[in-house]
>>> print(open('coords.txt').read())   # compact mmCIF, C-alpha atoms and all ligand atoms
# COMPACT_ATOMS: atom_id res chain seq x y z
CA MET A 1 0.00 0.00 0.00
CA PRO A 2 1.38 3.46 -0.80
CA LYS A 3 1.54 5.71 2.22
CA LYS A 4 0.72 9.37 2.30
CA ILE A 5 3.07 11.80 3.97
CA GLU A 6 2.58 15.44 4.80
CA ILE A 7 5.36 18.00 4.75
CA THR A 8 4.91 21.19 6.73
CA ALA A 9 6.73 24.50 6.49
CA GLN A 10 7.38 26.96 9.30
CA PHE A 11 7.46 30.73 9.10
CA THR A 12 7.59 33.58 11.59
CA VAL A 13 5.64 36.61 10.45
CA TYR A 14 6.67 40.07 11.64
CA GLU A 15 4.14 42.85 11.20
CA ASN A 16 6.77 45.37 10.10
CA GLN A 17 10.48 46.11 10.15
CA ASN A 18 10.31 47.63 13.64
CA GLU A 19 9.70 44.13 15.04
CA LEU A 20 13.02 42.89 13.65
CA THR A 21 16.26 42.84 15.65
CA PRO A 22 18.61 45.77 14.92
CA PRO A 23 20.98 43.55 12.82
CA ASP A 24 18.03 42.32 10.75
CA GLN A 25 16.79 45.88 10.31
CA LEU A 26 20.24 46.78 9.02
CA LEU A 27 20.20 43.83 6.63
CA VAL A 28 16.78 44.79 5.25
CA SER A 29 17.98 48.39 4.84
CA ALA A 30 20.94 47.06 2.85
CA ALA A 31 18.59 45.06 0.62
CA LEU A 32 16.42 48.15 0.08
CA ALA A 33 19.48 50.22 -0.84
CA ALA A 34 20.79 47.48 -3.15
CA ARG A 35 17.82 48.03 -5.47
CA ALA A 36 19.68 51.09 -6.76
CA GLY A 37 21.89 48.63 -8.66
CA SER A 38 18.96 46.92 -10.35
CA HIS A 39 18.99 46.80 -14.15
CA SER A 40 15.32 46.11 -14.80
CA PRO A 41 14.14 48.21 -17.75
CA TYR A 42 11.85 45.40 -18.99
CA SER A 43 9.94 44.46 -15.85
CA GLU A 44 10.54 47.74 -14.02
CA PHE A 45 10.50 45.50 -10.96
CA GLN A 46 13.53 46.35 -8.84
CA VAL A 47 14.56 43.64 -6.43
CA GLY A 48 17.31 43.90 -3.81
CA ALA A 49 18.96 41.19 -1.75
CA ALA A 50 21.40 41.32 1.13
CA VAL A 51 23.41 38.43 2.54
CA GLN A 52 24.64 38.50 6.13
CA LEU A 53 27.89 36.71 6.93
CA ALA A 54 28.81 35.37 10.38
CA ASP A 55 31.39 38.14 10.85
CA GLY A 56 28.72 40.80 10.27
CA GLN A 57 29.72 41.60 6.71
CA ILE A 58 26.82 42.28 4.32
CA ILE A 59 27.03 41.51 0.60
CA THR A 60 24.25 42.73 -1.66
CA GLY A 61 22.79 42.09 -5.09
CA ALA A 62 20.06 43.37 -7.38
CA ASN A 63 18.25 41.84 -10.34
CA ILE A 64 19.99 42.22 -13.69
CA GLU A 65 17.78 41.87 -16.75
CA ASN A 66 18.63 41.38 -20.40
CA ALA A 67 16.89 42.30 -23.68
CA ALA A 68 16.90 38.59 -24.47
CA TYR A 69 15.00 38.07 -21.19
CA GLY A 70 16.44 34.57 -20.60
CA PRO A 71 19.79 35.73 -19.19
CA THR A 72 18.02 37.73 -16.46
CA THR A 73 19.49 37.01 -13.04
CA CYS A 74 17.59 37.52 -9.80
CA ALA A 75 18.83 39.70 -6.96
CA GLU A 76 19.30 36.70 -4.66
CA GLN A 77 21.56 34.97 -7.18
CA VAL A 78 23.63 38.10 -7.82
CA ALA A 79 24.16 38.46 -4.06
CA LEU A 80 24.89 34.79 -3.40
CA PHE A 81 27.21 34.42 -6.39
CA SER A 82 29.08 37.53 -5.20
CA VAL A 83 29.67 35.64 -1.96
CA MET A 84 30.50 32.31 -3.64
CA LYS A 85 33.09 33.89 -5.90
CA LEU A 86 35.02 34.82 -2.73
CA GLY A 87 35.56 31.14 -2.06
CA GLN A 88 34.22 28.30 0.04
CA GLU A 89 35.50 29.70 3.35
CA THR A 90 33.52 32.91 2.84
CA THR A 91 30.48 31.01 1.58
CA LYS A 92 30.51 28.97 4.80
CA GLN A 93 29.95 32.24 6.66
CA VAL A 94 26.51 32.89 5.09
CA ARG A 95 23.80 33.04 7.74
CA THR A 96 20.87 35.11 6.46
CA ILE A 97 19.53 36.45 3.16
CA ALA A 98 16.95 39.24 2.95
CA VAL A 99 15.04 40.05 -0.23
CA VAL A 100 12.88 43.07 -1.02
CA GLY A 101 10.91 44.31 -4.02
CA PRO A 102 10.04 47.69 -5.51
CA ASP A 103 8.37 50.54 -3.61
CA GLN A 104 5.84 50.98 -6.40
CA LYS A 105 4.56 47.40 -6.21
CA PRO A 106 4.65 46.38 -2.56
CA THR A 107 4.32 42.64 -2.47
CA LEU A 108 5.92 39.95 -0.33
CA ILE A 109 9.00 38.90 -2.28
CA THR A 110 9.70 35.20 -2.06
CA PRO A 111 12.64 33.64 -3.92
CA CYS A 112 11.77 32.11 -7.28
CA GLY A 113 12.29 28.39 -7.87
CA VAL A 114 15.78 28.82 -9.31
CA CYS A 115 16.83 31.03 -6.40
CA ARG A 116 15.56 28.40 -3.95
CA GLN A 117 17.83 25.87 -5.64
CA VAL A 118 20.78 28.30 -5.41
CA ILE A 119 20.04 28.93 -1.72
CA LYS A 120 19.98 25.15 -1.22
CA GLU A 121 23.45 24.84 -2.70
CA VAL A 122 24.75 27.53 -0.34
CA GLU A 123 22.98 25.96 2.64
CA ASP A 124 24.66 22.65 1.88
CA ILE A 125 28.05 24.37 1.82
CA VAL A 126 27.31 26.16 5.10
CA SER A 127 26.02 22.90 6.64
CA GLN A 128 23.43 24.65 8.73
CA PRO A 129 19.96 26.01 8.00
CA LEU A 130 20.00 29.48 6.46
CA ARG A 131 17.63 32.20 7.56
CA ILE A 132 15.59 33.78 4.80
CA LEU A 133 13.83 37.11 5.31
CA MET A 134 11.14 37.82 2.74
CA VAL A 135 10.04 41.41 2.92
CA LYS A 136 7.04 43.35 1.74
CA VAL A 137 8.00 47.01 1.42
CA ASN A 138 6.28 48.91 4.26
CA GLY A 139 4.64 45.65 5.25
CA GLU A 140 5.16 42.32 6.89
CA ILE A 141 8.28 40.16 6.87
CA TYR A 142 8.21 36.39 6.59
CA GLU A 143 11.17 34.66 8.18
CA THR A 144 12.02 31.03 7.71
CA VAL A 145 14.98 29.01 8.90
CA GLY A 146 16.07 26.37 6.42
CA ILE A 147 15.53 26.19 2.68
CA GLU A 148 13.58 22.97 3.27
CA ASN A 149 10.65 25.24 4.15
CA LEU A 150 10.69 26.76 0.66
CA LEU A 151 12.05 23.77 -1.23
CA PRO A 152 10.78 20.54 0.27
CA LEU A 153 12.44 17.36 -1.00
CA GLY A 154 15.04 19.52 -2.73
CA PHE A 155 17.80 18.05 -4.85
CA GLY A 156 21.27 18.72 -3.54
CA PRO A 157 24.91 17.65 -3.55
CA ALA A 158 24.16 14.64 -1.32
CA ASP A 159 21.99 13.18 -4.09
CA LEU A 160 25.00 12.98 -6.38
CA GLN A 161 26.89 10.67 -4.01
N1 LIG A 201 13.17 38.74 -9.32
C1 LIG A 201 14.18 38.69 -8.41
O1 LIG A 201 15.23 39.32 -8.59
N2 LIG A 201 14.01 37.93 -7.30
C2 LIG A 201 12.85 37.29 -6.97
O2 LIG A 201 12.78 36.66 -5.93
C3 LIG A 201 11.68 37.42 -7.84
C4 LIG A 201 11.95 38.00 -9.18
C5 LIG A 201 13.33 39.60 -10.51
C6 LIG A 201 13.54 38.88 -11.80
C7 LIG A 201 13.08 39.93 -12.80
O3 LIG A 201 14.16 40.79 -13.10
C8 LIG A 201 12.03 40.71 -12.05
O4 LIG A 201 12.20 40.41 -10.68
C9 LIG A 201 10.62 40.36 -12.47
O5 LIG A 201 10.40 39.00 -12.41
>>> encode(input="coords.txt", output="structure tokens")
Amino acid sequence: MPKKIEITAQFTVYENQNELTPPDQLLVSAALAARAGSHSPYSEFQVGAAVQLADGQIITGANIENAAYGPTTCAEQVALFSVMKLGQETTKQVRTIAVVGPDQKPTLITPCGVCRQVIKEVEDIVSQPLRILMVKVNGEIYETVGIENLLPLGFGPADLQ
């Protein structure tokens, strides 16, 4: 007999940025500021991301679009690849990623499917659950700890063994 399983996901919802800890407020501010680097003439949807390292360092990214559309890279990937290019030791220091969208279209920004896969890769390198802060401009913040909550049954390096 096949068995049914249920997978649950856990989130903490903050009403606004004032409810965040000061370091998280700083990280969200960095993500908001990072939108200035967005190249998004096609969607006009500026996304910013900020990655917090264990030593306090913050590395940011913004979405970079392309006239051919396909090569578009999300803010989360620009930020995480900027960390990964610094080497495995730096990547191991990743603890939290915050992502925000444009002021004009306030919506809760959650990482796209490809970004979830990229976050999974980083989480596997870090070897501990990463914190993800998904922010609605002037609105609530969804926090989750562990990419499993956004990418259940995800494929990762362990599956290649
Ligand atoms: N985008 C991101 O950068 N991150 C997300 O989590 C969602 C979508 C970008 C991709 C594209 O440049 C624009 O937002 C519209 O989809």
>>> closest_atom_pairs(input="coords.txt", of="chain A", to="ligand LIG 201 (chain A)", cutoff="9 Å", atoms="all atoms listed in the file", output="tab-separated table")
residue	atom	partner	partner_atom	distance
A:Ser38	CA	A:LIG201	O3	8.3
A:His39	CA	A:LIG201	O3	7.8
A:Ser40	CA	A:LIG201	O3	5.7
A:Pro41	CA	A:LIG201	O3	8.8
A:Tyr42	CA	A:LIG201	O3	7.8
A:Ser43	CA	A:LIG201	C9	5.4
A:Glu44	CA	A:LIG201	C8	7.5
A:Phe45	CA	A:LIG201	C8	5.1
A:Gln46	CA	A:LIG201	O4	6.4
A:Val47	CA	A:LIG201	O1	4.9
A:Gly48	CA	A:LIG201	O1	6.9
A:Ala49	CA	A:LIG201	O1	8.0
A:Gly61	CA	A:LIG201	O1	8.8
A:Ala62	CA	A:LIG201	O1	6.4
A:Asn63	CA	A:LIG201	O1	4.3
A:Ile64	CA	A:LIG201	O3	6.0
A:Glu65	CA	A:LIG201	O3	5.3
A:Asn66	CA	A:LIG201	O3	8.6
A:Tyr69	CA	A:LIG201	O3	8.6
A:Thr72	CA	A:LIG201	O3	6.0
A:Thr73	CA	A:LIG201	C6	6.4
A:Cys74	CA	A:LIG201	O1	3.2
A:Ala75	CA	A:LIG201	O1	4.0
A:Glu76	CA	A:LIG201	N2	6.0
A:Gln77	CA	A:LIG201	O1	7.8
A:Val78	CA	A:LIG201	O1	8.5
A:Val99	CA	A:LIG201	O2	7.0
A:Val100	CA	A:LIG201	O2	8.1
A:Gly101	CA	A:LIG201	N2	7.8
A:Ile109	CA	A:LIG201	O2	5.7
A:Thr110	CA	A:LIG201	O2	5.2
A:Pro111	CA	A:LIG201	O2	3.6
A:Cys112	CA	A:LIG201	O2	4.9
A:Gly113	CA	A:LIG201	O2	8.5
A:Cys115	CA	A:LIG201	O2	7.0
A:Arg116	CA	A:LIG201	O2	8.9
A:Met134	CA	A:LIG201	O2	8.9
>>> residues_around(input="coords.txt", residues="Leu20 in chain A", least_positions_apart="5", cutoff="9 Å", atoms="all atoms listed in the file", output="MDAnalysis selection string")
chainID A and resid 14 25 141
>>> closest_residue(input="coords.txt", among="A:Lys85, A:Arg131, A:Met1, A:Gly70", to="Ala50 in chain A", atoms="all atoms listed in the file")
A:Arg131
>>> atom_distance(input="coords.txt", atom1="CA of Phe81 in chain A", atom2="CA of Asn138 in chain A")
27.6 Å
>>> closest_residue(input="coords.txt", among="A:Leu108, A:Ala98, A:Val145, A:Leu86", to="Leu26 in chain A", atoms="only C-alpha atoms")
A:Ala98
>>> closest_residue(input="coords.txt", among="A:Gln117, A:Gln161, A:Thr60, A:Thr96", to="Pro23 in chain A", atoms="only C-alpha atoms")
A:Thr96
>>> closest_residue(input="coords.txt", among="A:Glu15, A:Asp103, A:Glu148, A:Asp55", to="Ile119 in chain A", atoms="only C-alpha atoms")
A:Glu148
>>> closest_residue(input="coords.txt", among="A:Gln104, A:Gln10, A:Ser82, A:Gln93", to="Gln52 in chain A", atoms="only C-alpha atoms")
A:Gln93
>>> closest_residue(input="coords.txt", among="A:Leu80, A:Val137, A:Leu151, A:Ala9", to="Ile97 in chain A", atoms="all atoms listed in the file")
A:Leu80
>>> atom_distance(input="coords.txt", atom1="CA of Val28 in chain A", atom2="CA of Ile58 in chain A")
10.4 Å
>>> atom_distance(input="coords.txt", atom1="CA of Val118 in chain A", atom2="CA of Leu53 in chain A")
16.5 Å
>>> residues_near_point(input="coords.txt", point="(22.3, 28.6, 9.2)", cutoff="8 Å", atoms="only C-alpha atoms", output="PyMOL selection string")
chain A and resi 94-96+123+126-131+145-146
>>> decode(input="coords.txt", residues="range 52-79 of chain A", atoms="N, CA, C and O atoms", output="PDB file, in the first residue's frame")
ATOM      1  N   GLN A  52      23.890  38.238   4.891  1.00  0.00           N
ATOM      2  CA  GLN A  52      24.641  38.498   6.127  1.00  0.00           C
ATOM      3  C   GLN A  52      25.623  37.365   6.381  1.00  0.00           C
ATOM      4  O   GLN A  52      25.227  36.186   6.391  1.00  0.00           O
ATOM      5  N   LEU A  53      26.880  37.713   6.585  1.00  0.00           N
ATOM      6  CA  LEU A  53      27.885  36.715   6.933  1.00  0.00           C
ATOM      7  C   LEU A  53      28.058  36.663   8.459  1.00  0.00           C
ATOM      8  O   LEU A  53      27.659  37.593   9.163  1.00  0.00           O
ATOM      9  N   ALA A  54      28.646  35.578   8.933  1.00  0.00           N
ATOM     10  CA  ALA A  54      28.807  35.370  10.375  1.00  0.00           C
ATOM     11  C   ALA A  54      29.619  36.487  11.021  1.00  0.00           C
ATOM     12  O   ALA A  54      29.390  36.838  12.181  1.00  0.00           O
ATOM     13  N   ASP A  55      30.556  37.079  10.266  1.00  0.00           N
ATOM     14  CA  ASP A  55      31.391  38.140  10.849  1.00  0.00           C
ATOM     15  C   ASP A  55      30.716  39.512  10.776  1.00  0.00           C
ATOM     16  O   ASP A  55      31.332  40.529  11.081  1.00  0.00           O
ATOM     17  N   GLY A  56      29.456  39.542  10.316  1.00  0.00           N
ATOM     18  CA  GLY A  56      28.721  40.804  10.270  1.00  0.00           C
ATOM     19  C   GLY A  56      28.724  41.470   8.900  1.00  0.00           C
ATOM     20  O   GLY A  56      27.928  42.376   8.645  1.00  0.00           O
ATOM     21  N   GLN A  57      29.636  41.019   8.061  1.00  0.00           N
ATOM     22  CA  GLN A  57      29.721  41.600   6.712  1.00  0.00           C
ATOM     23  C   GLN A  57      28.410  41.392   5.935  1.00  0.00           C
ATOM     24  O   GLN A  57      27.775  40.336   6.047  1.00  0.00           O
ATOM     25  N   ILE A  58      28.032  42.386   5.143  1.00  0.00           N
ATOM     26  CA  ILE A  58      26.819  42.284   4.316  1.00  0.00           C
ATOM     27  C   ILE A  58      27.214  42.414   2.846  1.00  0.00           C
ATOM     28  O   ILE A  58      27.938  43.339   2.478  1.00  0.00           O
ATOM     29  N   ILE A  59      26.758  41.482   2.040  1.00  0.00           N
ATOM     30  CA  ILE A  59      27.033  41.510   0.600  1.00  0.00           C
ATOM     31  C   ILE A  59      25.684  41.560  -0.120  1.00  0.00           C
ATOM     32  O   ILE A  59      24.774  40.792   0.200  1.00  0.00           O
ATOM     33  N   THR A  60      25.563  42.483  -1.064  1.00  0.00           N
ATOM     34  CA  THR A  60      24.251  42.732  -1.663  1.00  0.00           C
ATOM     35  C   THR A  60      24.203  42.356  -3.141  1.00  0.00           C
ATOM     36  O   THR A  60      25.234  42.140  -3.784  1.00  0.00           O
ATOM     37  N   GLY A  61      23.002  42.333  -3.664  1.00  0.00           N
ATOM     38  CA  GLY A  61      22.792  42.087  -5.090  1.00  0.00           C
ATOM     39  C   GLY A  61      21.465  42.689  -5.510  1.00  0.00           C
ATOM     40  O   GLY A  61      20.610  43.006  -4.677  1.00  0.00           O
ATOM     41  N   ALA A  62      21.314  42.879  -6.823  1.00  0.00           N
ATOM     42  CA  ALA A  62      20.059  43.370  -7.384  1.00  0.00           C
ATOM     43  C   ALA A  62      19.794  42.614  -8.674  1.00  0.00           C
ATOM     44  O   ALA A  62      20.730  42.043  -9.252  1.00  0.00           O
ATOM     45  N   ASN A  63      18.555  42.590  -9.115  1.00  0.00           N
ATOM     46  CA  ASN A  63      18.245  41.841 -10.337  1.00  0.00           C
ATOM     47  C   ASN A  63      18.803  42.535 -11.573  1.00  0.00           C
ATOM     48  O   ASN A  63      18.755  43.756 -11.699  1.00  0.00           O
ATOM     49  N   ILE A  64      19.354  41.724 -12.461  1.00  0.00           N
ATOM     50  CA  ILE A  64      19.986  42.222 -13.685  1.00  0.00           C
ATOM     51  C   ILE A  64      19.277  41.583 -14.869  1.00  0.00           C
ATOM     52  O   ILE A  64      19.371  40.365 -15.079  1.00  0.00           O
ATOM     53  N   GLU A  65      18.558  42.401 -15.620  1.00  0.00           N
ATOM     54  CA  GLU A  65      17.783  41.865 -16.751  1.00  0.00           C
ATOM     55  C   GLU A  65      18.549  42.025 -18.054  1.00  0.00           C
ATOM     56  O   GLU A  65      19.601  42.662 -18.125  1.00  0.00           O
ATOM     57  N   ASN A  66      17.989  41.398 -19.096  1.00  0.00           N
ATOM     58  CA  ASN A  66      18.633  41.383 -20.402  1.00  0.00           C
ATOM     59  C   ASN A  66      17.547  41.473 -21.468  1.00  0.00           C
ATOM     60  O   ASN A  66      16.453  40.910 -21.286  1.00  0.00           O
ATOM     61  N   ALA A  67      17.860  42.144 -22.582  1.00  0.00           N
ATOM     62  CA  ALA A  67      16.893  42.302 -23.677  1.00  0.00           C
ATOM     63  C   ALA A  67      16.435  40.946 -24.202  1.00  0.00           C
ATOM     64  O   ALA A  67      15.329  40.810 -24.727  1.00  0.00           O
ATOM     65  N   ALA A  68      17.276  39.939 -24.041  1.00  0.00           N
ATOM     66  CA  ALA A  68      16.897  38.585 -24.468  1.00  0.00           C
ATOM     67  C   ALA A  68      16.119  37.844 -23.371  1.00  0.00           C
ATOM     68  O   ALA A  68      15.829  36.657 -23.521  1.00  0.00           O
ATOM     69  N   TYR A  69      15.798  38.574 -22.321  1.00  0.00           N
ATOM     70  CA  TYR A  69      15.000  38.070 -21.188  1.00  0.00           C
ATOM     71  C   TYR A  69      15.615  36.858 -20.471  1.00  0.00           C
ATOM     72  O   TYR A  69      15.750  36.860 -19.264  1.00  0.00           O
ATOM     73  N   GLY A  70      15.947  35.815 -21.212  1.00  0.00           N
ATOM     74  CA  GLY A  70      16.441  34.573 -20.601  1.00  0.00           C
ATOM     75  C   GLY A  70      17.630  34.761 -19.673  1.00  0.00           C
ATOM     76  O   GLY A  70      17.666  34.149 -18.599  1.00  0.00           O
ATOM     77  N   PRO A  71      18.613  35.575 -20.063  1.00  0.00           N
ATOM     78  CA  PRO A  71      19.794  35.733 -19.192  1.00  0.00           C
ATOM     79  C   PRO A  71      19.536  36.531 -17.911  1.00  0.00           C
ATOM     80  O   PRO A  71      20.463  36.742 -17.130  1.00  0.00           O
ATOM     81  N   THR A  72      18.329  36.984 -17.689  1.00  0.00           N
ATOM     82  CA  THR A  72      18.018  37.729 -16.460  1.00  0.00           C
ATOM     83  C   THR A  72      18.441  36.939 -15.225  1.00  0.00           C
ATOM     84  O   THR A  72      18.221  35.735 -15.135  1.00  0.00           O
ATOM     85  N   THR A  73      19.074  37.648 -14.288  1.00  0.00           N
ATOM     86  CA  THR A  73      19.495  37.012 -13.036  1.00  0.00           C
ATOM     87  C   THR A  73      18.843  37.738 -11.860  1.00  0.00           C
ATOM     88  O   THR A  73      18.846  38.968 -11.806  1.00  0.00           O
ATOM     89  N   CYS A  74      18.293  36.960 -10.965  1.00  0.00           N
ATOM     90  CA  CYS A  74      17.592  37.517  -9.801  1.00  0.00           C
ATOM     91  C   CYS A  74      18.574  38.124  -8.797  1.00  0.00           C
ATOM     92  O   CYS A  74      19.743  37.727  -8.732  1.00  0.00           O
ATOM     93  N   ALA A  75      18.036  39.016  -7.988  1.00  0.00           N
ATOM     94  CA  ALA A  75      18.835  39.697  -6.962  1.00  0.00           C
ATOM     95  C   ALA A  75      19.502  38.706  -6.003  1.00  0.00           C
ATOM     96  O   ALA A  75      20.674  38.869  -5.643  1.00  0.00           O
ATOM     97  N   GLU A  76      18.761  37.683  -5.613  1.00  0.00           N
ATOM     98  CA  GLU A  76      19.299  36.700  -4.661  1.00  0.00           C
ATOM     99  C   GLU A  76      20.524  36.010  -5.250  1.00  0.00           C
ATOM    100  O   GLU A  76      21.517  35.756  -4.563  1.00  0.00           O
ATOM    101  N   GLN A  77      20.438  35.671  -6.544  1.00  0.00           N
ATOM    102  CA  GLN A  77      21.556  34.966  -7.179  1.00  0.00           C
ATOM    103  C   GLN A  77      22.758  35.891  -7.332  1.00  0.00           C
ATOM    104  O   GLN A  77      23.897  35.461  -7.112  1.00  0.00           O
ATOM    105  N   VAL A  78      22.514  37.152  -7.687  1.00  0.00           N
ATOM    106  CA  VAL A  78      23.634  38.095  -7.822  1.00  0.00           C
ATOM    107  C   VAL A  78      24.347  38.221  -6.472  1.00  0.00           C
ATOM    108  O   VAL A  78      25.579  38.175  -6.398  1.00  0.00           O
ATOM    109  N   ALA A  79      23.557  38.328  -5.404  1.00  0.00           N
ATOM    110  CA  ALA A  79      24.156  38.464  -4.060  1.00  0.00           C
ATOM    111  C   ALA A  79      24.902  37.190  -3.662  1.00  0.00           C
ATOM    112  O   ALA A  79      26.059  37.252  -3.211  1.00  0.00           O
TER     113      ALA A  79
END
